[in-house]
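Containing compact mmCIF, C-alpha atoms and all ligand atoms: data21.txt.
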# COMPACT_ATOMS: atom_id res chain seq x y z
CA MET H 1 -141.19 39.71 75.79
CA ALA H 2 -139.89 39.12 72.32
CA GLN H 3 -140.75 35.97 70.48
CA VAL H 4 -138.77 34.86 67.47
CA ASP H 5 -139.61 31.64 65.73
CA ALA H 6 -140.29 30.67 62.16
CA TYR H 7 -143.98 31.59 62.27
CA ASP H 8 -144.06 34.43 64.75
CA VAL H 9 -141.80 37.39 65.30
CA SER H 10 -143.03 39.96 67.76
CA GLY H 11 -141.87 42.40 70.41
CA ASP H 12 -138.47 44.03 70.77
CA VAL H 13 -135.77 41.59 69.85
CA ASP H 14 -132.66 41.33 72.03
CA TYR H 15 -130.36 40.03 69.32
CA ASP H 16 -127.34 39.31 71.52
CA LYS H 17 -129.41 37.20 73.86
CA LEU H 18 -131.04 35.42 70.96
CA ILE H 19 -127.70 34.46 69.46
CA LYS H 20 -126.53 33.05 72.76
CA GLU H 21 -129.73 31.01 73.01
CA PHE H 22 -129.28 29.75 69.45
CA GLY H 23 -125.66 28.83 70.05
CA ALA H 24 -124.58 30.87 67.01
CA LYS H 25 -121.70 33.38 66.79
CA LEU H 26 -121.48 37.09 66.15
CA ILE H 27 -119.64 38.19 63.01
CA ASP H 28 -116.39 39.87 64.02
CA ASP H 29 -114.59 42.58 62.06
CA LYS H 30 -112.11 40.18 60.51
CA LEU H 31 -114.87 37.98 59.12
CA ALA H 32 -116.90 41.02 58.08
CA LYS H 33 -113.96 42.24 55.96
CA LYS H 34 -113.95 39.00 54.01
CA LEU H 35 -117.56 39.51 52.99
CA ASP H 36 -116.87 43.09 51.93
CA TYR H 37 -120.43 44.32 52.24
CA PRO H 38 -121.64 47.50 53.96
CA LEU H 39 -124.44 45.76 55.86
CA VAL H 40 -122.05 43.28 57.52
CA PRO H 41 -121.90 43.20 60.53
CA ASN H 42 -124.56 45.82 61.31
CA LEU H 43 -127.52 44.09 59.73
CA TYR H 44 -126.00 40.70 58.91
CA PHE H 45 -124.61 40.13 62.34
CA ALA H 46 -124.42 36.45 63.28
CA HIS H 47 -123.49 33.13 61.74
CA ARG H 48 -122.85 29.43 61.99
CA ASP H 49 -119.62 28.15 60.39
CA LEU H 50 -119.37 31.08 57.99
CA ASP H 51 -115.63 31.36 58.70
CA THR H 52 -114.87 27.80 57.61
CA ILE H 53 -117.33 27.64 54.71
CA ILE H 54 -116.01 30.67 52.86
CA LYS H 55 -112.49 29.26 52.85
CA LYS H 56 -113.38 26.86 50.03
CA LYS H 57 -115.92 26.63 47.22
CA PHE H 58 -119.52 26.74 48.45
CA ALA H 59 -123.06 27.24 47.17
CA ILE H 60 -125.53 29.83 48.43
CA ILE H 61 -129.13 29.03 49.10
CA THR H 62 -131.98 31.00 50.52
CA GLY H 63 -135.66 30.65 49.95
CA ARG H 64 -138.79 32.69 49.60
CA GLY H 65 -142.09 31.97 51.32
CA PRO H 66 -144.51 33.46 48.75
CA SER H 67 -147.40 34.57 50.93
CA MET H 68 -147.46 38.25 49.91
CA ASN H 69 -145.83 40.78 47.64
CA MET H 70 -142.27 41.60 48.55
CA HIS H 71 -141.19 44.68 50.46
CA LEU H 72 -137.87 46.47 50.89
CA GLY H 73 -136.96 44.29 53.87
CA HIS H 74 -136.94 41.31 51.52
CA MET H 75 -135.07 43.12 48.78
CA ILE H 76 -132.10 43.69 51.07
CA LEU H 77 -131.61 39.93 51.20
CA TRP H 78 -131.82 39.46 47.42
CA LYS H 79 -129.28 42.19 46.91
CA PHE H 80 -126.92 40.59 49.41
CA MET H 81 -127.34 37.24 47.65
CA LYS H 82 -126.33 38.86 44.38
CA HIS H 83 -123.25 40.35 46.03
CA LEU H 84 -122.27 36.92 47.37
CA GLN H 85 -122.83 35.31 43.97
CA ASP H 86 -120.58 37.87 42.30
CA LYS H 87 -117.92 37.99 44.99
CA PHE H 88 -117.51 34.25 45.53
CA ASP H 89 -118.59 33.10 42.07
CA ALA H 90 -121.08 30.85 43.83
CA HIS H 91 -123.97 28.83 42.54
CA VAL H 92 -127.23 30.28 43.89
CA PHE H 93 -130.26 28.17 44.65
CA ILE H 94 -133.60 29.84 45.45
CA PRO H 95 -136.45 27.55 46.48
CA PHE H 96 -139.97 28.96 46.91
CA SER H 97 -141.89 27.35 49.77
CA ASP H 98 -145.39 27.90 48.37
CA ASP H 99 -146.25 24.56 50.00
CA GLU H 100 -145.21 25.92 53.41
CA LYS H 101 -147.30 29.08 53.03
CA LEU H 102 -150.31 27.03 52.05
CA LEU H 103 -149.85 24.88 55.15
CA ALA H 104 -148.78 27.50 57.69
CA ARG H 105 -150.98 30.41 56.67
CA GLY H 106 -154.04 28.60 55.38
CA LEU H 107 -153.64 30.25 51.98
CA SER H 108 -155.14 28.77 48.82
CA LYS H 109 -153.04 27.11 46.15
CA GLU H 110 -154.20 29.77 43.65
CA HIS H 111 -152.99 32.53 45.94
CA VAL H 112 -149.54 31.11 46.63
CA ILE H 113 -148.95 30.37 42.96
CA ARG H 114 -149.94 33.90 42.04
CA MET H 115 -147.44 35.09 44.66
CA ASP H 116 -144.84 32.67 43.24
CA TYR H 117 -145.16 34.56 39.98
CA GLU H 118 -145.14 38.05 41.52
CA ASN H 119 -142.18 37.30 43.81
CA LEU H 120 -140.29 35.59 41.00
CA LEU H 121 -140.38 38.83 39.02
CA ASP H 122 -138.71 40.69 41.91
CA ILE H 123 -136.00 38.07 42.19
CA ILE H 124 -135.29 37.89 38.46
CA ALA H 125 -135.12 41.70 38.43
CA MET H 126 -132.07 41.49 40.72
CA GLY H 127 -129.99 40.27 37.79
CA TYR H 128 -128.72 36.89 38.95
CA ASP H 129 -126.58 35.03 36.47
CA PRO H 130 -129.02 32.50 34.93
CA LYS H 131 -126.21 30.01 34.33
CA LYS H 132 -125.42 29.92 38.03
CA THR H 133 -128.90 30.34 39.48
CA GLU H 134 -131.56 27.75 40.03
CA ILE H 135 -135.08 28.65 41.14
CA MET H 136 -137.47 25.96 42.25
CA LEU H 137 -141.11 26.38 43.25
CA ASP H 138 -142.19 23.47 45.46
CA LEU H 139 -145.73 23.25 44.05
CA VAL H 140 -144.72 23.99 40.46
CA ASN H 141 -141.35 22.57 39.42
CA MET H 142 -140.04 20.57 42.35
CA LYS H 143 -137.08 18.38 41.39
CA GLN H 144 -137.38 14.66 41.97
CA GLU H 145 -134.00 14.71 43.76
CA VAL H 146 -135.25 17.32 46.24
CA TYR H 147 -138.32 15.31 47.16
CA ASN H 148 -136.23 12.17 47.52
CA LEU H 149 -133.80 14.03 49.75
CA ALA H 150 -136.70 15.33 51.88
CA ILE H 151 -137.97 11.79 52.37
CA GLU H 152 -134.54 10.52 53.34
CA ILE H 153 -134.09 13.45 55.74
CA SER H 154 -137.53 12.90 57.27
CA SER H 155 -136.54 9.36 58.20
CA HIS H 156 -134.04 10.92 60.64
CA MET H 157 -136.46 13.44 62.17
CA THR H 158 -138.95 12.49 64.84
CA ALA H 159 -142.23 14.29 65.39
CA ASN H 160 -141.01 15.08 68.91
CA THR H 161 -137.90 16.86 67.67
CA ILE H 162 -139.88 18.89 65.13
CA ARG H 163 -142.64 19.77 67.56
CA SER H 164 -140.28 21.08 70.18
CA ALA H 165 -138.00 22.92 67.74
CA MET H 166 -140.87 24.53 65.87
CA GLY H 167 -143.31 24.92 68.75
CA PHE H 168 -145.94 22.76 67.04
CA SER H 169 -148.68 20.98 68.93
CA PRO H 170 -150.10 17.52 68.25
CA GLU H 171 -152.99 19.32 66.55
CA SER H 172 -150.66 20.86 63.94
CA THR H 173 -151.19 19.21 60.58
CA ILE H 174 -148.77 16.51 59.50
CA GLY H 175 -148.11 18.63 56.40
CA LEU H 176 -146.71 21.41 58.55
CA GLN H 177 -144.74 18.94 60.62
CA PHE H 178 -143.22 17.40 57.48
CA TYR H 179 -142.26 20.77 56.01
CA PRO H 180 -138.96 21.16 57.96
CA ALA H 181 -137.72 18.06 56.08
CA MET H 182 -138.59 19.89 52.86
CA GLN H 183 -136.71 23.02 53.86
CA ALA H 184 -133.76 20.88 54.98
CA ALA H 185 -133.82 19.29 51.52
CA HIS H 186 -133.74 22.78 49.94
CA ILE H 187 -130.72 23.60 52.05
CA LEU H 188 -128.83 20.39 51.29
CA TYR H 189 -129.77 19.93 47.64
CA PRO H 190 -126.89 22.09 46.27
CA SER H 191 -124.44 20.04 48.38
CA GLN H 192 -125.77 16.83 46.92
CA LYS H 193 -125.68 18.22 43.40
CA LEU H 194 -122.38 20.09 43.46
CA GLY H 195 -120.42 18.37 46.22
CA VAL H 196 -119.80 21.60 48.17
CA PRO H 197 -121.15 22.89 51.49
CA THR H 198 -123.95 25.44 51.47
CA LEU H 199 -124.28 28.84 53.09
CA VAL H 200 -127.75 30.13 53.95
CA PRO H 201 -128.29 33.91 54.28
CA ILE H 202 -131.52 34.36 56.26
CA GLY H 203 -133.45 36.37 58.82
CA VAL H 204 -132.91 35.15 62.39
CA ASP H 205 -136.40 33.65 62.44
CA GLN H 206 -135.29 31.01 59.93
CA ASP H 207 -132.24 29.81 61.86
CA VAL H 208 -134.23 26.97 63.41
CA PHE H 209 -134.48 25.29 60.01
CA VAL H 210 -130.72 25.52 59.53
CA LYS H 211 -130.15 24.07 62.97
CA LEU H 212 -132.46 21.13 62.24
CA THR H 213 -130.69 20.63 58.91
CA ARG H 214 -127.27 20.67 60.57
CA ASP H 215 -128.44 17.92 62.90
CA VAL H 216 -129.35 15.58 60.03
CA ALA H 217 -126.83 16.55 57.31
CA GLU H 218 -124.17 14.03 58.20
CA LYS H 219 -126.75 11.28 58.64
CA VAL H 220 -127.57 11.64 54.94
CA GLY H 221 -123.89 11.89 54.01
CA LEU H 222 -123.76 15.64 53.33
CA PRO H 223 -121.75 18.49 54.90
CA LYS H 224 -123.33 20.64 57.60
CA PRO H 225 -124.67 23.90 56.15
CA GLY H 226 -123.68 27.26 57.61
CA ASP H 227 -125.75 30.40 57.79
CA ILE H 228 -125.47 34.14 58.00
CA MET H 229 -128.27 35.82 59.88
CA SER H 230 -129.76 39.26 59.54
CA LYS H 231 -131.68 41.42 61.94
CA PHE H 232 -135.07 42.72 60.88
CA LEU H 233 -135.49 46.00 59.06
CA PRO H 234 -137.78 48.08 61.32
CA GLY H 235 -141.27 48.88 60.10
CA LEU H 236 -141.99 52.44 58.93
CA THR H 237 -144.37 52.97 61.81
CA GLY H 238 -141.67 52.19 64.37
CA ASN H 239 -143.05 48.72 65.04
CA LYS H 240 -142.32 45.44 63.35
CA MET H 241 -142.49 45.39 59.57
CA SER H 242 -145.35 43.20 58.48
CA SER H 243 -146.57 42.27 55.03
CA SER H 244 -150.13 42.26 56.27
CA LYS H 245 -149.92 45.81 57.70
CA HIS H 246 -149.37 47.78 54.54
CA GLU H 247 -148.37 51.04 56.21
CA THR H 248 -145.37 49.35 57.90
CA ALA H 249 -143.55 48.49 54.68
CA ILE H 250 -142.78 49.75 51.19
CA PHE H 251 -143.70 47.10 48.68
CA THR H 252 -141.83 46.67 45.42
CA THR H 253 -145.04 47.33 43.51
CA ASP H 254 -146.07 50.52 45.38
CA ASN H 255 -146.53 53.60 43.21
CA TYR H 256 -144.97 56.99 43.92
CA LYS H 257 -148.02 58.34 45.71
CA THR H 258 -148.15 55.39 48.08
CA VAL H 259 -144.41 55.47 48.79
CA LYS H 260 -144.62 59.18 49.49
CA LYS H 261 -147.51 58.76 51.87
CA LYS H 262 -145.78 55.94 53.75
CA ILE H 263 -142.50 57.80 54.12
CA MET H 264 -144.16 61.06 55.10
CA ASN H 265 -146.04 59.19 57.84
CA ALA H 266 -142.96 57.30 59.02
CA PHE H 267 -141.91 57.35 62.65
CA THR H 268 -138.99 59.69 63.29
CA GLY H 269 -136.88 60.83 66.20
CA GLY H 270 -137.74 64.45 65.42
CA ARG H 271 -138.59 66.90 68.21
CA PRO H 272 -142.00 68.56 68.59
CA THR H 273 -140.78 72.00 67.45
CA VAL H 274 -138.13 73.19 65.00
CA GLU H 275 -136.44 75.12 67.79
CA GLU H 276 -136.12 72.00 69.95
CA HIS H 277 -134.96 69.93 67.00
CA ARG H 278 -132.20 72.43 66.22
CA ARG H 279 -131.16 72.49 69.87
CA LEU H 280 -131.44 68.79 70.81
CA GLY H 281 -131.12 67.06 67.46
CA CYS H 282 -132.99 64.01 66.25
CA GLU H 283 -133.27 60.97 68.47
CA THR H 284 -131.67 58.73 65.88
CA SER H 285 -131.86 55.53 67.92
CA VAL H 286 -135.63 55.45 67.44
CA CYS H 287 -135.81 57.27 64.09
CA VAL H 288 -136.92 54.89 61.33
CA VAL H 289 -136.07 57.41 58.62
CA CYS H 290 -132.47 57.54 59.90
CA LYS H 291 -132.33 53.76 60.08
CA TYR H 292 -133.46 53.46 56.47
CA GLN H 293 -130.92 56.09 55.41
CA ALA H 294 -128.19 54.04 57.07
CA LEU H 295 -129.31 50.54 56.18
CA LEU H 296 -130.68 51.01 52.69
CA PHE H 297 -128.34 53.73 51.47
CA GLN H 298 -125.38 53.76 53.87
CA ASP H 299 -125.90 57.52 54.18
CA LEU H 300 -124.42 58.01 57.64
CA ASP H 301 -123.72 61.62 56.85
CA ILE H 302 -127.38 62.66 56.79
CA VAL H 303 -127.97 60.66 59.98
CA LYS H 304 -125.19 62.57 61.72
CA ARG H 305 -126.50 65.90 60.50
CA CYS H 306 -130.00 64.98 61.68
CA ALA H 307 -128.57 63.98 65.06
CA LYS H 308 -126.97 67.43 65.34
CA GLY H 309 -130.24 69.14 64.43
CA GLU H 310 -128.89 70.47 61.13
CA VAL H 311 -131.37 68.42 59.15
CA LEU H 312 -135.05 68.47 60.12
CA SER H 313 -137.05 65.25 60.08
CA GLY H 314 -139.24 66.56 57.26
CA GLU H 315 -136.14 67.24 55.17
CA ASN H 316 -134.79 63.83 56.01
CA LYS H 317 -138.03 62.21 54.88
CA LYS H 318 -137.95 64.10 51.57
CA ASP H 319 -134.39 63.01 50.98
CA LEU H 320 -135.24 59.40 51.78
CA LEU H 321 -138.26 59.52 49.50
CA GLU H 322 -136.10 60.65 46.59
CA LYS H 323 -133.61 57.86 47.17
CA VAL H 324 -136.22 55.15 47.70
CA TRP H 325 -138.20 56.22 44.68
CA SER H 326 -135.24 56.31 42.30
CA MET H 327 -134.27 52.84 43.49
CA LEU H 328 -137.82 51.54 43.19
CA GLU H 329 -138.51 53.11 39.82
CA LEU H 330 -135.50 51.32 38.40
CA HIS H 331 -136.50 48.08 40.09
CA GLN H 332 -140.02 48.33 38.67
CA GLU H 333 -138.62 48.74 35.14
CA LYS H 334 -136.48 45.64 35.62
CA ARG H 335 -139.42 43.82 37.16
CA GLU H 336 -141.47 44.53 34.03
CA LYS H 337 -138.69 43.20 31.82
CA ALA H 338 -138.38 40.13 34.05
CA LYS H 339 -141.71 38.93 32.64
CA ASP H 340 -139.86 37.91 29.47
CA GLN H 341 -137.29 36.00 31.48
CA VAL H 342 -139.63 33.83 33.53
CA LYS H 343 -139.26 31.15 30.84
CA LYS H 344 -135.53 30.98 31.42
CA PHE H 345 -135.82 30.43 35.17
CA VAL H 346 -139.11 28.58 35.59
CA PRO H 347 -140.46 27.37 32.23
CA GLU H 348 -143.52 25.87 33.97
CA LEU H 349 -144.71 29.40 34.90
CA SER H 350 -143.93 31.12 31.63
CA ASP H 351 -147.48 31.18 30.34
CA TYR H 352 -148.90 32.05 33.73
CA GLU H 353 -151.27 35.00 33.56
CA PRO H 354 -152.03 36.55 36.95
CA LYS H 355 -155.77 37.11 37.38
N1 LIG H 401 -139.31 29.37 54.98
C1 LIG H 401 -138.77 30.54 54.37
C2 LIG H 401 -139.70 31.75 54.63
O1 LIG H 401 -140.83 31.58 54.97
C3 LIG H 401 -138.49 30.39 52.91
C4 LIG H 401 -137.56 29.27 52.59
C5 LIG H 401 -137.89 28.13 51.89
C6 LIG H 401 -136.18 29.16 52.93
N2 LIG H 401 -136.83 27.33 51.75
C7 LIG H 401 -135.75 27.91 52.37
C8 LIG H 401 -135.26 29.97 53.61
C9 LIG H 401 -134.45 27.47 52.54
C10 LIG H 401 -133.97 29.50 53.77
C11 LIG H 401 -133.56 28.26 53.24
O2 LIG H 401 -139.31 32.85 54.43
Just give me the structure of the file as structure tokens.
Ligand code: TRP
Amino acid sequence: MAQVDAYDVSGDVDYDKLIKEFGAKLIDDKLAKKLDYPLVPNLYFAHRDLDTIIKKKFAIITGRGPSMNMHLGHMILWKFMKHLQDKFDAHVFIPFSDDEKLLARGLSKEHVIRMDYENLLDIIAMGYDPKKTEIMLDLVNMKQEVYNLAIEISSHMTANTIRSAMGFSPESTIGLQFYPAMQAAHILYPSQKLGVPTLVPIGVDQDVFVKLTRDVAEKVGLPKPGDIMSKFLPGLTGNKMSSSKHETAIFTTDNYKTVKKKIMNAFTGGRPTVEEHRRLGCETSVCVVCKYQALLFQDLDIVKRCAKGEVLSGENKKDLLEKVWSMLELHQEKREKAKDQVKKFVPELSDYEPK
């Protein structure tokens, strides 16, 4: 049985069923066209109020929970955010929930702040327009208005509502139980500041926060936020991608040797012998290499040729490695340069030296 909630995603996810349970909608072709992005609606597949929100001016917000280094699954979201910023000329707000990771994962303050810095470099490297982008780290440069909004929101949320929505028990700390008010404040802050609704691009596991926020928005005099939800990028090993299982993901800081090893060990739909592969073709529905080719690079051609047996899985892996590495090499250069830009986005972290 699959479980998808904010702090646990496991098993095979039946996305259609999940969306019905959530009461959200699938993105149809007409709506997909308006977003003009190759991963919609295949990866970004469901939404709440996206159709009405994009008709007028809106702000985009999504956050980062800085528990670990970022991997390619995360980078897909930051790239999509950049596309939305450019296409809709939207203000982008990126809160970092270092407070949440400290509470939910039992991580130390030193660790989450180090990850704030590391993750910030990846985000800055994406090239957001600094004039239209605001980054806020809860434990480092939280805005007074955001805290005040969280307090006001929390006065409309009961412990019962939060416990049942989040699956918390009475033993969960009050910090963790307060956090949804904080994330709701992240989501509504751009509305309060700019007087426009917000759109939240997120993984399906985060929808619960948007739902809770929608339930309180009007009580604090702000418009209901909408969201656009993505499926999960599969892990390299064929299972779930997990930051704590290094072999399942390619991290933005991995070197060539590591990336090569991970891709060469990736789970494919290749057949046991070359002869069988040529005859039967790759089983693309389970082949992670094919999925990465399609999702990360929109290379449906190589997927089709692999399915026909024209391309062997080893060749497919080599091709993917080349593409991933040229993307990552460029990203790592930009990430290095981002160190000089930290001051512009988060002055409070500019003299931070990771230990
Ligand atoms: N909780 C999110 C995570 O762990 C990060 C996050 C913080 C977020 N604030 C947000 C996501 C606001 C969406 C909207 O990944």
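Residues surrounding Thr161 in chain H within 12 Å are H:Ser154, H:His156, H:Met166, H:Gly167, H:Phe168, H:Ser169, H:Gln177, H:Phe178, H:Pro180, H:Ala181, H:Val208, H:Phe209, H:Lys211, H:Leu212, H:Thr213, H:Asp215, H:Val216 [all atoms listed in the file; sequence separation below 5 positions excluded].
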H:Phe45, H:Phe88, H:Phe80, H:Phe232: which is nearest Lys57 in chain H, counting all atoms listed in the file?
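Result for the nearest residue to Lys57 in chain H: H:Phe88.
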Can you pull out the residues contacting Val220 in chain H? Cut-off 12 Å, using all atoms listed in the file, and skip same-chain residues under 4 positions away; I want them as a list of chain:residue names.
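Selected residues are H:Asn148, H:Leu149, H:Ala150, H:Ile151, H:Glu152, H:Ile153, H:Ser154, H:Ser155, H:His156, H:Met157, H:Ala184, H:Ala185, H:Leu188, H:Tyr189, H:Ser191, H:Gln192, H:Thr213, H:Arg214, H:Asp215, H:Val216, H:Lys224.
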Next, the residues of the selection above should be written as a short mmCIF file (atom, residue, chain, number, x, y, z; two decimals), keeping the file's coordinate frame with C-alpha atoms.
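So out_14.cif came out as:
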data_model
loop_
_atom_site.label_atom_id
_atom_site.label_comp_id
_atom_site.auth_asym_id
_atom_site.auth_seq_id
_atom_site.Cartn_x
_atom_site.Cartn_y
_atom_site.Cartn_z
CA ASN H 148 -136.23 12.17 47.52
CA LEU H 149 -133.80 14.03 49.75
CA ALA H 150 -136.70 15.33 51.88
CA ILE H 151 -137.97 11.79 52.37
CA GLU H 152 -134.54 10.52 53.34
CA ILE H 153 -134.09 13.45 55.74
CA SER H 154 -137.53 12.90 57.27
CA SER H 155 -136.54 9.36 58.20
CA HIS H 156 -134.04 10.92 60.64
CA MET H 157 -136.46 13.44 62.17
CA ALA H 184 -133.76 20.88 54.98
CA ALA H 185 -133.82 19.29 51.52
CA LEU H 188 -128.83 20.39 51.29
CA TYR H 189 -129.77 19.93 47.64
CA SER H 191 -124.44 20.04 48.38
CA GLN H 192 -125.77 16.83 46.92
CA THR H 213 -130.69 20.63 58.91
CA ARG H 214 -127.27 20.67 60.57
CA ASP H 215 -128.44 17.92 62.90
CA VAL H 216 -129.35 15.58 60.03
CA LYS H 224 -123.33 20.64 57.60
#
Listed atoms of ligand LIG 401 (chain H) boxed along x, y and z, 4 Å each side, centre and edge lengths in Å, one decimal, as JSON:
{"center_x": -137.2, "center_y": 30.1, "center_z": 53.4, "size_x": 15.3, "size_y": 13.5, "size_z": 11.2}
Between H:Ile174, H:Val92, H:Ala217, H:Val13, which is the closest to Phe58 in chain H once you count only C-alpha atoms?
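Using only C-alpha atoms, the shortest distance to Phe58 in chain H belongs to H:Val92.
Here the question is which of H:Ser242, H:Leu26, H:Tyr179, H:Lys317 gets nearest to Ile162 in chain H using all atoms listed in the file, and that residue is H:Tyr179.
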Spatial sel., origin (-136.2, 35.1, 68.8), limit 9 Å, all atoms listed in the file, listed as a count of residues only:
18
Closest of H:Lys219, H:Asp227, H:Asp86, H:Gly63 to Met182 in chain H - atom-to-atom distances counting all atoms listed in the file:
H:Gly63
Find the spatial neighbours of range 250-257 of chain H, counting all atoms listed in the file, within a cut-off of 6 Å - ignore same-chain residues fewer than 6 positions away - and output them as JSON, numbers by chain.
{"H": [70, 71, 72]}
Mind pulling up the distance from CA of Arg271 in chain H to CA of Glu310 in chain H?
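Rounded to one decimal, the two atoms are 12.5 Å apart.
The space between CA of Gly314 in chain H and CA of Ser244 in chain H spans 26.6 Å.
Straight-line separation from CA of Tyr147 in chain H to CA of Pro130 in chain H: 23.1 Å.
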Distance filter 10 Å around ligand LIG 401 (chain H), atoms: only C-alpha atoms and all ligand atoms, out as a PyMOL selection string
chain H and resi 6-7+60-67+74+93-101+104+136-138+179-180+182-188+199-203+205-210+213+227
For Glu353 in chain H, please output as a list of chain:residue names all residues within 10 Å (counting only C-alpha atoms; exclusion window: fewer than 2 positions along the same chain).
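Once the nearby chain positions are removed, what remains is H:Arg114, H:Tyr117, H:Leu349, H:Ser350, H:Asp351, H:Lys355.
Near Pro234 in chain H, within a cut-off of 9 Å and counting only C-alpha atoms, sit the residues H:Gly73, H:Phe232, H:Leu236, H:Thr237, H:Gly238, H:Asn239, H:Lys240, H:Met241, H:Thr248, H:Ala249, H:Val288, H:Lys291, H:Tyr292, with same-chain residues fewer than 2 positions away left out.
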